[in-house]
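Shown next: work.pdb, containing PDB, C-alpha atoms.
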```pdb
ATOM      1  CA  MET U   1      34.123  -6.087  52.469
ATOM      2  CA  SER U   2      35.306  -7.709  55.701
ATOM      3  CA  CYS U   3      36.506  -5.560  58.562
ATOM      4  CA  LEU U   4      39.915  -7.215  58.592
ATOM      5  CA  ARG U   5      40.307  -6.564  54.893
ATOM      6  CA  PHE U   6      39.213  -2.961  55.237
ATOM      7  CA  ALA U   7      41.410  -2.566  58.277
ATOM      8  CA  SER U   8      44.491  -3.767  56.424
ATOM      9  CA  LEU U   9      45.482  -0.166  55.775
ATOM     10  CA  THR U  10      49.079  -0.977  56.687
ATOM     11  CA  PRO U  11      51.894   1.559  56.426
ATOM     12  CA  ARG U  12      52.089   0.984  52.694
ATOM     13  CA  TYR U  13      48.789   2.905  52.444
ATOM     14  CA  CYS U  14      49.895   5.694  54.752
ATOM     15  CA  HIS U  15      49.828   8.192  51.881
ATOM     16  CA  LEU U  16      46.329   7.266  50.715
ATOM     17  CA  LYS U  17      44.481  10.382  49.479
ATOM     18  CA  VAL U  18      41.111   9.028  48.289
ATOM     19  CA  ILE U  19      38.675   6.360  49.497
ATOM     20  CA  ASN U  20      35.567   5.705  47.418
ATOM     21  CA  LEU U  21      33.007   3.383  49.036
ATOM     22  CA  GLU U  22      30.039   4.638  47.021
ATOM     23  CA  PHE U  23      27.117   2.153  47.109
ATOM     24  CA  ALA U  24      29.143  -0.280  49.245
ATOM     25  CA  GLN U  25      26.105  -2.088  50.612
ATOM     26  CA  ASP U  26      27.995  -4.140  53.194
ATOM     27  CA  ILE U  27      29.842  -1.283  54.865
ATOM     28  CA  ASP U  28      28.345  -0.406  58.235
ATOM     29  CA  ASP U  29      29.259   1.287  61.518
ATOM     30  CA  TRP U  30      31.128  -1.761  62.782
ATOM     31  CA  HIS U  31      33.793  -1.481  60.111
ATOM     32  CA  PHE U  32      34.635   2.086  61.048
ATOM     33  CA  VAL U  33      34.341   1.570  64.797
ATOM     34  CA  ARG U  34      36.650  -1.440  64.541
ATOM     35  CA  LEU U  35      39.206   0.607  62.612
ATOM     36  CA  LYS U  36      39.151   3.205  65.358
ATOM     37  CA  GLU U  37      39.488   0.577  68.094
ATOM     38  CA  MET U  38      42.477  -0.939  66.282
ATOM     39  CA  GLY U  39      44.202   2.422  66.409
ATOM     40  CA  CYS U  40      44.381   2.833  62.636
ATOM     41  CA  THR U  41      46.677   5.723  61.736
ATOM     42  CA  SER U  42      46.928   5.157  57.985
ATOM     43  CA  LEU U  43      44.249   7.693  57.059
ATOM     44  CA  GLN U  44      46.080  10.759  58.306
ATOM     45  CA  GLU U  45      46.656  12.026  54.763
ATOM     46  CA  LEU U  46      43.207  11.164  53.388
ATOM     47  CA  GLU U  47      41.715  14.121  51.504
ATOM     48  CA  LEU U  48      38.542  12.699  49.928
ATOM     49  CA  LEU U  49      36.047  10.227  51.378
ATOM     50  CA  ASN U  50      32.991   9.095  49.396
ATOM     51  CA  LEU U  51      30.354   7.191  51.385
ATOM     52  CA  ASN U  52      27.462   7.864  49.023
ATOM     53  CA  ALA U  53      24.439   5.626  49.661
ATOM     54  CA  CYS U  54      26.143   3.534  52.353
ATOM     55  CA  GLN U  55      22.771   3.119  54.020
ATOM     56  CA  LYS U  56      24.011   0.981  56.915
ATOM     57  CA  VAL U  57      26.208   3.800  58.210
ATOM     58  CA  SER U  58      24.771   5.932  61.013
ATOM     59  CA  ASP U  59      25.925   8.911  63.061
ATOM     60  CA  LYS U  60      28.082   6.503  65.081
ATOM     61  CA  GLY U  61      29.945   5.309  62.005
ATOM     62  CA  ILE U  62      30.537   8.871  60.790
ATOM     63  CA  GLU U  63      32.004   9.767  64.177
ATOM     64  CA  ALA U  64      34.417   6.835  63.996
ATOM     65  CA  ILE U  65      35.645   7.304  60.437
ATOM     66  CA  THR U  66      35.995  11.088  60.572
ATOM     67  CA  SER U  67      38.033  10.790  63.762
ATOM     68  CA  LEU U  68      40.644   8.975  61.647
ATOM     69  CA  CYS U  69      40.762  11.605  58.874
ATOM     70  CA  PRO U  70      41.870  14.916  60.417
ATOM     71  CA  ASN U  71      43.046  16.306  57.080
ATOM     72  CA  LEU U  72      39.940  15.449  55.088
ATOM     73  CA  GLN U  73      38.977  18.117  52.555
ATOM     74  CA  ALA U  74      36.063  16.563  50.671
ATOM     75  CA  LEU U  75      33.299  14.432  52.187
ATOM     76  CA  SER U  76      30.303  13.023  50.342
ATOM     77  CA  ILE U  77      27.526  11.298  52.288
ATOM     78  CA  TYR U  78      24.819  11.459  49.642
ATOM     79  CA  TRP U  79      21.599   9.633  50.423
ATOM     80  CA  ILE U  80      22.481   8.187  53.810
ATOM     81  CA  VAL U  81      19.002   8.994  55.005
ATOM     82  CA  GLY U  82      19.456   7.939  58.635
ATOM     83  CA  LEU U  83      22.053  10.570  59.416
ATOM     84  CA  THR U  84      21.095  13.496  61.655
ATOM     85  CA  ASP U  85      22.563  16.784  62.840
ATOM     86  CA  LEU U  86      24.759  14.715  65.170
ATOM     87  CA  THR U  87      26.726  13.658  62.093
ATOM     88  CA  ILE U  88      27.509  17.313  61.369
ATOM     89  CA  THR U  89      28.655  17.698  64.984
ATOM     90  CA  HIS U  90      31.130  14.846  64.496
ATOM     91  CA  ILE U  91      32.349  16.133  61.127
ATOM     92  CA  VAL U  92      33.089  19.676  62.296
ATOM     93  CA  LYS U  93      34.786  18.375  65.432
ATOM     94  CA  ASN U  94      37.050  15.885  63.665
ATOM     95  CA  CYS U  95      37.691  17.458  60.249
ATOM     96  CA  LYS U  96      38.763  21.090  60.298
ATOM     97  CA  HIS U  97      39.706  21.459  56.631
ATOM     98  CA  ILE U  98      36.541  20.561  54.699
ATOM     99  CA  VAL U  99      36.047  22.623  51.534
ATOM    100  CA  ASP U 100      33.679  20.292  49.645
ATOM    101  CA  LEU U 101      30.641  18.861  51.450
ATOM    102  CA  ASN U 102      27.860  16.798  49.878
ATOM    103  CA  LEU U 103      24.836  16.300  52.167
ATOM    104  CA  SER U 104      22.406  15.508  49.367
ATOM    105  CA  GLY U 105      19.509  13.337  50.476
ATOM    106  CA  CYS U 106      20.328  13.574  54.188
ATOM    107  CA  LYS U 107      16.715  14.284  55.025
ATOM    108  CA  ASN U 108      17.175  14.623  58.778
ATOM    109  CA  ILE U 109      19.828  17.322  58.699
ATOM    110  CA  SER U 110      18.232  20.604  59.652
ATOM    111  CA  ASP U 111      19.030  24.266  60.212
ATOM    112  CA  LYS U 112      20.899  23.229  63.369
ATOM    113  CA  GLY U 113      23.356  21.267  61.248
ATOM    114  CA  MET U 114      23.703  24.153  58.830
ATOM    115  CA  GLN U 115      24.549  26.445  61.746
ATOM    116  CA  LEU U 116      27.442  24.120  62.624
ATOM    117  CA  VAL U 117      28.647  24.111  59.013
ATOM    118  CA  ALA U 118      28.488  27.908  58.914
ATOM    119  CA  ASP U 119      30.399  28.308  62.159
ATOM    120  CA  SER U 120      33.111  25.808  61.214
ATOM    121  CA  TYR U 121      33.820  26.129  57.493
ATOM    122  CA  GLU U 122      34.204  29.727  56.431
ATOM    123  CA  GLY U 123      36.429  28.539  53.572
ATOM    124  CA  LEU U 124      33.855  26.091  52.181
ATOM    125  CA  LYS U 125      33.863  26.125  48.371
ATOM    126  CA  LYS U 126      31.275  23.485  47.404
ATOM    127  CA  LEU U 127      28.045  22.605  49.193
ATOM    128  CA  ASN U 128      25.331  20.231  48.021
ATOM    129  CA  ILE U 129      22.129  20.315  50.070
ATOM    130  CA  THR U 130      19.887  18.634  47.534
ATOM    131  CA  ARG U 131      16.757  17.162  49.105
ATOM    132  CA  CYS U 132      17.598  18.404  52.593
ATOM    133  CA  ILE U 133      13.908  18.827  53.246
ATOM    134  CA  LYS U 134      14.220  20.208  56.783
ATOM    135  CA  LEU U 135      16.330  23.136  55.658
ATOM    136  CA  THR U 136      14.704  26.580  55.697
ATOM    137  CA  ASP U 137      15.686  30.117  54.725
ATOM    138  CA  ASP U 138      17.172  30.510  58.209
ATOM    139  CA  GLY U 139      19.601  27.642  57.652
ATOM    140  CA  LEU U 140      20.618  29.008  54.276
ATOM    141  CA  GLN U 141      21.245  32.449  55.680
ATOM    142  CA  GLU U 142      23.505  31.088  58.412
ATOM    143  CA  VAL U 143      25.723  29.374  55.851
ATOM    144  CA  LEU U 144      25.731  32.184  53.353
ATOM    145  CA  GLN U 145      26.544  34.942  55.794
ATOM    146  CA  LYS U 146      29.717  33.141  56.866
ATOM    147  CA  CYS U 147      30.824  30.856  54.025
ATOM    148  CA  CYS U 148      31.820  33.656  51.689
ATOM    149  CA  SER U 149      34.151  31.494  49.573
ATOM    150  CA  LEU U 150      31.362  29.316  48.147
ATOM    151  CA  GLU U 151      31.776  28.710  44.425
ATOM    152  CA  SER U 152      29.169  25.971  43.940
ATOM    153  CA  LEU U 153      25.838  25.576  45.729
ATOM    154  CA  ASN U 154      23.287  22.954  44.748
ATOM    155  CA  LEU U 155      19.715  23.219  46.038
ATOM    156  CA  TYR U 156      18.168  20.857  43.470
ATOM    157  CA  ALA U 157      14.724  19.424  44.406
ATOM    158  CA  LEU U 158      14.035  21.630  47.381
ATOM    159  CA  SER U 159      10.603  22.001  45.855
ATOM    160  CA  ARG U 160       9.810  19.475  48.580
ATOM    161  CA  CYS U 161      10.825  22.151  51.063
ATOM    162  CA  VAL U 162       8.385  24.984  50.496
ATOM    163  CA  ARG U 163       9.965  27.005  53.285
ATOM    164  CA  VAL U 164      12.865  27.982  51.012
ATOM    165  CA  THR U 165      11.907  31.246  49.289
ATOM    166  CA  ASP U 166      13.397  34.398  47.789
ATOM    167  CA  VAL U 167      14.713  35.266  51.250
ATOM    168  CA  GLY U 168      17.105  32.334  51.189
ATOM    169  CA  VAL U 169      18.245  32.886  47.618
ATOM    170  CA  VAL U 170      18.779  36.609  48.188
ATOM    171  CA  ALA U 171      21.008  35.597  51.090
ATOM    172  CA  ILE U 172      22.919  33.370  48.682
ATOM    173  CA  ALA U 173      23.433  36.305  46.342
ATOM    174  CA  GLN U 174      24.547  38.673  49.063
ATOM    175  CA  GLY U 175      26.784  36.193  50.848
ATOM    176  CA  CYS U 176      28.424  34.413  47.893
ATOM    177  CA  ARG U 177      29.654  37.064  45.504
ATOM    178  CA  SER U 178      32.124  34.638  43.903
ATOM    179  CA  LEU U 179      29.438  32.050  43.150
ATOM    180  CA  GLN U 180      29.963  30.348  39.799
ATOM    181  CA  LEU U 181      27.262  27.665  39.738
ATOM    182  CA  LEU U 182      23.796  27.708  41.270
ATOM    183  CA  SER U 183      21.016  25.165  40.845
ATOM    184  CA  LEU U 184      17.536  26.082  42.088
ATOM    185  CA  PHE U 185      15.845  23.275  40.156
ATOM    186  CA  GLY U 186      12.225  22.808  41.195
ATOM    187  CA  ILE U 187      12.064  25.413  43.974
ATOM    188  CA  VAL U 188       8.599  26.781  43.339
ATOM    189  CA  GLY U 189       8.763  29.410  46.088
ATOM    190  CA  VAL U 190      11.276  31.671  44.349
ATOM    191  CA  THR U 191      10.474  34.551  41.990
ATOM    192  CA  ASP U 192      12.177  37.208  39.879
ATOM    193  CA  VAL U 193      13.212  38.909  43.116
ATOM    194  CA  CYS U 194      15.937  36.337  43.649
ATOM    195  CA  LEU U 195      17.083  36.549  40.030
ATOM    196  CA  GLU U 196      17.474  40.314  40.329
ATOM    197  CA  ALA U 197      19.495  39.885  43.531
ATOM    198  CA  LEU U 198      21.769  37.360  41.823
ATOM    199  CA  SER U 199      22.270  39.747  38.938
ATOM    200  CA  LYS U 200      23.160  42.588  41.280
ATOM    201  CA  CYS U 201      25.602  40.631  43.436
ATOM    202  CA  CYS U 202      26.954  37.737  41.342
ATOM    203  CA  SER U 203      26.810  38.906  37.732
ATOM    204  CA  ARG U 204      30.615  38.989  37.445
ATOM    205  CA  SER U 205      31.085  35.387  38.594
ATOM    206  CA  LEU U 206      27.987  33.323  37.775
ATOM    207  CA  THR U 207      28.491  31.063  34.753
ATOM    208  CA  THR U 208      25.811  28.398  35.320
ATOM    209  CA  LEU U 209      22.277  28.961  36.614
ATOM    210  CA  ASP U 210      19.528  26.348  36.688
ATOM    211  CA  VAL U 211      15.997  27.602  37.410
ATOM    212  CA  ASN U 212      14.224  24.713  35.712
ATOM    213  CA  GLY U 213      10.849  24.232  37.393
ATOM    214  CA  CYS U 214      10.960  27.592  39.179
ATOM    215  CA  ILE U 215       7.537  28.638  37.949
ATOM    216  CA  GLY U 216       7.721  32.009  39.712
ATOM    217  CA  ILE U 217      10.606  33.136  37.522
ATOM    218  CA  LYS U 218       9.498  34.478  34.151
ATOM    219  CA  LYS U 219      11.129  33.499  30.877
ATOM    220  CA  ARG U 220      13.651  35.909  29.420
ATOM    221  CA  SER U 221      15.271  36.448  26.060
ATOM    222  CA  ARG U 222      18.913  35.613  25.483
ATOM    223  CA  ASP U 223      19.778  39.316  25.295
ATOM    224  CA  ASP U 224      18.062  39.991  28.621
ATOM    225  CA  LEU U 225      20.011  37.177  30.261
ATOM    226  CA  ILE U 226      23.331  38.378  28.879
ATOM    227  CA  GLN U 227      22.597  41.838  30.209
ATOM    228  CA  MET U 228      21.864  40.424  33.663
ATOM    229  CA  PHE U 229      24.673  37.840  33.658
ATOM    230  CA  PRO U 230      27.389  38.751  31.116
ATOM    231  CA  PHE U 231      29.538  35.687  31.918
ATOM    232  CA  LEU U 232      26.695  33.148  31.898
ATOM    233  CA  ARG U 233      27.462  30.100  29.761
ATOM    234  CA  CYS U 234      24.588  27.828  30.789
ATOM    235  CA  PHE U 235      21.076  28.864  31.799
ATOM    236  CA  LYS U 236      18.324  26.292  32.238
ATOM    237  CA  VAL U 237      14.687  27.371  32.388
ATOM    238  CA  HIS U 238      11.387  25.581  32.791
ATOM    239  CA  SER U 239       9.489  24.547  29.698
TER     240      SER U 239
END
```

Target format structure tokens, applied to this file:
Amino acid sequence: MSCLRFASLTPRYCHLKVINLEFAQDIDDWHFVRLKEMGCTSLQELELLNLNACQKVSDKGIEAITSLCPNLQALSIYWIVGLTDLTITHIVKNCKHIVDLNLSGCKNISDKGMQLVADSYEGLKKLNITRCIKLTDDGLQEVLQKCCSLESLNLYALSRCVRVTDVGVVAIAQGCRSLQLLSLFGIVGVTDVCLEALSKCCSRSLTTLDVNGCIGIKKRSRDDLIQMFPFLRCFKVHS
């Protein structure tokens, strides 16, 4: 997509709500920087921006595009592996209304970035930190102590991050008492301790729980699960 074409967000697009550039291989920083330099004002009402797997976009590009979307509510930057905590700095500075944030595969975002998320988005409802391999229990705790409105949290594949343990998941339970969906797929460092904490704190809200690959959590009968989580509709365990 050429810059001029992308930049042709004339007044007829001033009410645009969604932009989906997922897997747009040719989109890079220059497109977004150019839009900013041209004084584009047509993204003021944008609510959802999907940049999944736009690998040519860096922290610089995120700074430029988010500066044009002050009312953004949902941002997905899945698998843009070059992004760092600086991207989070730009997002929280430019977009004050984020409630849905997908950081899956952003391998260089660390606890520092999570601290910024925690401090800026107390009303966050959905957070995907799949494969954020630098994240530790400390980063989780920062988010979960402050983002008390979380309804969906995805930690899939953090088995690559052995520093996430029961401590982090207990913090999830204690901090997110309205949590409806939780995926702990493949996190080998968690045990029944975290399951008991989830039962104590989130049993009235949790409907989906994925502990597939969590070898420290023992198998349970259907009756046991219903007793622990009476509203559970989907429970995935390791085979």

Given the file shown, enumerate the residues that the PyMOL selection byres ((chain U and resi 112) around 10) captures and present them as number ranges by chain. U: 84-86, 88-89, 109-111, 113-118, 134-135, 138-139, 142

Might you spell out which residues the PyMOL selection byres ((chain U and resi 197) around 10) would select in the displayed file, as JSON, numbers by chain? {"U": [166, 169, 170, 171, 172, 173, 174, 192, 193, 194, 195, 196, 198, 199, 200, 201, 202, 203]}

In terms of the shortest atom-to-atom distance over only C-alpha atoms, which of U:Leu72, U:Leu48, U:Leu150, U:Cys54 is closest to Ala24 of chain U?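 That would be U:Cys54, the residue with the smallest distance to Ala24 of chain U.
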
Of the listed residues U:Ser67, U:Asn102, U:Ser221, U:Gln55, that which approaches Ile80 of chain U most closely, counting only C-alpha atoms: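 Checking each candidate against Ile80 of chain U, we get U:Gln55 as the closest.
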
Closest to Asn20 of chain U among U:Ile77, U:Glu45, U:Asn108, U:Cys40, using only C-alpha atoms? U:Ile77

What does the PyMOL selection byres ((chain U and resi 148) around 8) select in this file, as a list in words? Glu122, Gly123, Leu124, Leu144, Gln145, Lys146, Cys147, Ser149, Leu150, Gly175, Cys176, Arg177 and Ser178 of chain U

Using all atoms listed in the file, determine which residues lie at most 12 Å from Asn154 of chain U, disregarding the query and same-chain residues fewer than 6 positions distant; provide the list as an MDAnalysis selection string. chainID U and resid 100:105 125:132 140 169 172 179:187 208:211

Which residue is closest to Ile27 of chain U? Choose from U:His90, U:Lys56, U:Arg204, U:Lys96 and count all atoms listed in the file.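 Closest to Ile27 of chain U of all the choices is U:Lys56.
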
Between atom CA of Phe229 of chain U and atom CA of Val164 of chain U, what is the distance, to one decimal in Å? 23.2 Å

How would you write as a ChimeraX atom specification the residues that get within 8 Å of (7.2, 28.2, 44.4) in the file's frame, counting all atoms listed in the file? /U:159,162,165,187-191,214-216

Write the residues you've just listed into a file as an mmCIF file, keeping the file's coordinate frame, and include C-alpha atoms for each of them.
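Below is the file that was written, selection.cif:
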```cif
data_model
loop_
_atom_site.group_PDB
_atom_site.id
_atom_site.type_symbol
_atom_site.label_atom_id
_atom_site.label_comp_id
_atom_site.auth_asym_id
_atom_site.auth_seq_id
_atom_site.Cartn_x
_atom_site.Cartn_y
_atom_site.Cartn_z
ATOM 1 C CA SER U 159 10.603 22.001 45.855
ATOM 2 C CA VAL U 162 8.385 24.984 50.496
ATOM 3 C CA THR U 165 11.907 31.246 49.289
ATOM 4 C CA ILE U 187 12.064 25.413 43.974
ATOM 5 C CA VAL U 188 8.599 26.781 43.339
ATOM 6 C CA GLY U 189 8.763 29.410 46.088
ATOM 7 C CA VAL U 190 11.276 31.671 44.349
ATOM 8 C CA THR U 191 10.474 34.551 41.990
ATOM 9 C CA CYS U 214 10.960 27.592 39.179
ATOM 10 C CA ILE U 215 7.537 28.638 37.949
ATOM 11 C CA GLY U 216 7.721 32.009 39.712
#
```

Give the padded box for segment 74-82 of chain U as JSON: axis-aligned, covering all atoms listed in the file, 6 Å on each side, centre and edge lengths in Å to one decimal.
```
{"center_x": 27.5, "center_y": 12.3, "center_z": 54.1, "size_x": 29.1, "size_y": 20.6, "size_z": 21.0}
```

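The coordinates place atom CA of Lys107 of chain U at 28.6 Å from atom CA of Lys17 of chain U.
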
What's around Leu49 of chain U at 7 Å? Count only C-alpha atoms, leave out sequence neighbours fewer than 6 positions away in its own chain, and write the answer as a PyMOL selection string. chain U and resi 18-20+74-76

Name the closest residue to Ser152 of chain U among the candidates U:Ile133, U:Ile226, U:Leu206, U:Cys106; distances are taken between atoms, counting only C-alpha atoms.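 Once distances to Ser152 of chain U are computed over only C-alpha atoms, the minimum belongs to U:Leu206.
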
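Proximity ranking of U:Val81, U:Cys95, U:Ile62, U:Cys234 relative to Arg222 of chain U places U:Cys234 first, based on all atoms listed in the file.
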
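Atom CA of Glu37 of chain U sits 13.2 Å away from atom CA of Lys60 of chain U.
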